[in-house]
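Q: Before I ask anything, here is the structure I am working with.
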Amino acid sequence: MYKVCSQCKKHKELNDFHKLQKGLYGRHSMCKMCRKNTRILRSRQKVIKTNIYLVCSDCNTQKHCSEFYINRSSNCGYQSYCKTCQTLKISKSMSKLENYAKIILKKFIKKNKKKIVNITVQNIIDAYHRQYGLCAITRHKMTHDTDVHQRTDNIWNMSIYINPKLTKITEKDFKLVIHFIYTAQNLYKLDIKQTLNLYKNLVEDTNSKN
């Protein structure tokens, strides 16, 4: 079945129109493409006010509009939550296990360009649960926190640990460790004994401060 678009006047199939219960044949009068173009045109023509104050829908704080990102599709021209809250939302989202696994896998592949890496995000998630969320070497509880700058280098965060001599990495060739282990052995070139001694001192120092 065909219908004429009220905007471009072209005969188009019903699938080219969005559904609308009260519309002719249960569809909008304008086709999908024309509706899209209309929205784009309206957003470009919208004048964004630059000296107003808005209340963030998340923290309920009144702030100057410069503290909000522009969103031309909204009535006021800005997002409903402030930049600070949006940053925190992104950080919280990136700290979820699956998203964090995607981040560290991407970094791992980038750092090991000369190796064949056959590891998936699901492999990392499975390893995390298999290890009960504990570092494979120290048995320390691993975190998966991404800060507001989207950094993942907290020393207690989990990292992918492999034998550096391997040229091909599969799901059987890696373990998850706290980032401290990765840093000590890869950046400071410490052996396992030196690494564990340093870890022990770090934990004792942290506990004494608490």
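Starting from 1 in every chain, residues are counted up; chains themselves are A, B, ... following the order of the structure tokens, and ligands are numbered from 1 as listed.
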So that I can check the surroundings of segment 93-103 of chain A, please list as a PyMOL selection string every protein, DNA and RNA residue that reaches within 12 Å of it, counting only C-alpha atoms and ignoring chain neighbours fewer than 3 positions away.
A: chain A and resi 86-90+106-110+119-129+133+142-154+157-160+176
Q: Could you give me, as a ChimeraX atom specification, the residues within 9 Å of Cys8 of chain A, counting only C-alpha atoms and dropping anything in the same chain fewer than 2 positions from it?
A: /A:4-6,10-11,30-31,34
Q: Could you pull the residues within 12 Å of Lys36 of chain A, counting only C-alpha atoms, minus those fewer than 3 positions along the same chain, as a PyMOL selection string?
A: chain A and resi 7+16-18+30-33+39-43+73
Q: In Å, with one decimal, what is the gap from atom CA of Thr195 of chain A to atom CA of Ile169 of chain A?
A: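 Spanning atom CA of Thr195 of chain A to atom CA of Ile169 of chain A is a straight-line distance of 23.5 Å.
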Q: Run DSSP on the backbone and tell me which residues of segment 9-167 of chain A come out as strand (DSSP E); list them as a compact mmCIF listing (two decimals) with C-alpha atoms, in the first residue's frame.
A:
# COMPACT_ATOMS: atom_id res chain seq x y z
CA HIS A 11 4.04 8.35 -3.32
CA LYS A 12 5.79 6.12 -0.82
CA GLU A 13 5.24 2.76 0.86
CA TYR A 53 20.02 29.99 34.57
CA LEU A 54 18.79 26.42 34.62
CA VAL A 55 18.18 23.85 37.34
CA GLN A 62 20.63 26.20 39.73
CA LYS A 63 23.53 26.99 37.42
CA HIS A 64 24.37 29.32 34.55
CA ILE A 116 47.83 -11.75 17.91
CA VAL A 117 45.16 -11.04 20.50
CA MET A 158 41.97 -4.87 37.25
CA SER A 159 44.41 -5.27 34.37
CA ILE A 160 45.16 -8.02 31.87
CA TYR A 161 48.27 -10.02 32.82
CA ILE A 162 50.19 -12.21 30.35
Q: Pick the closest to Leu196 of chain A from A:His140, A:Lys19, A:Lys113, A:Lys49: which is it, counting only C-alpha atoms?
A: A:His140
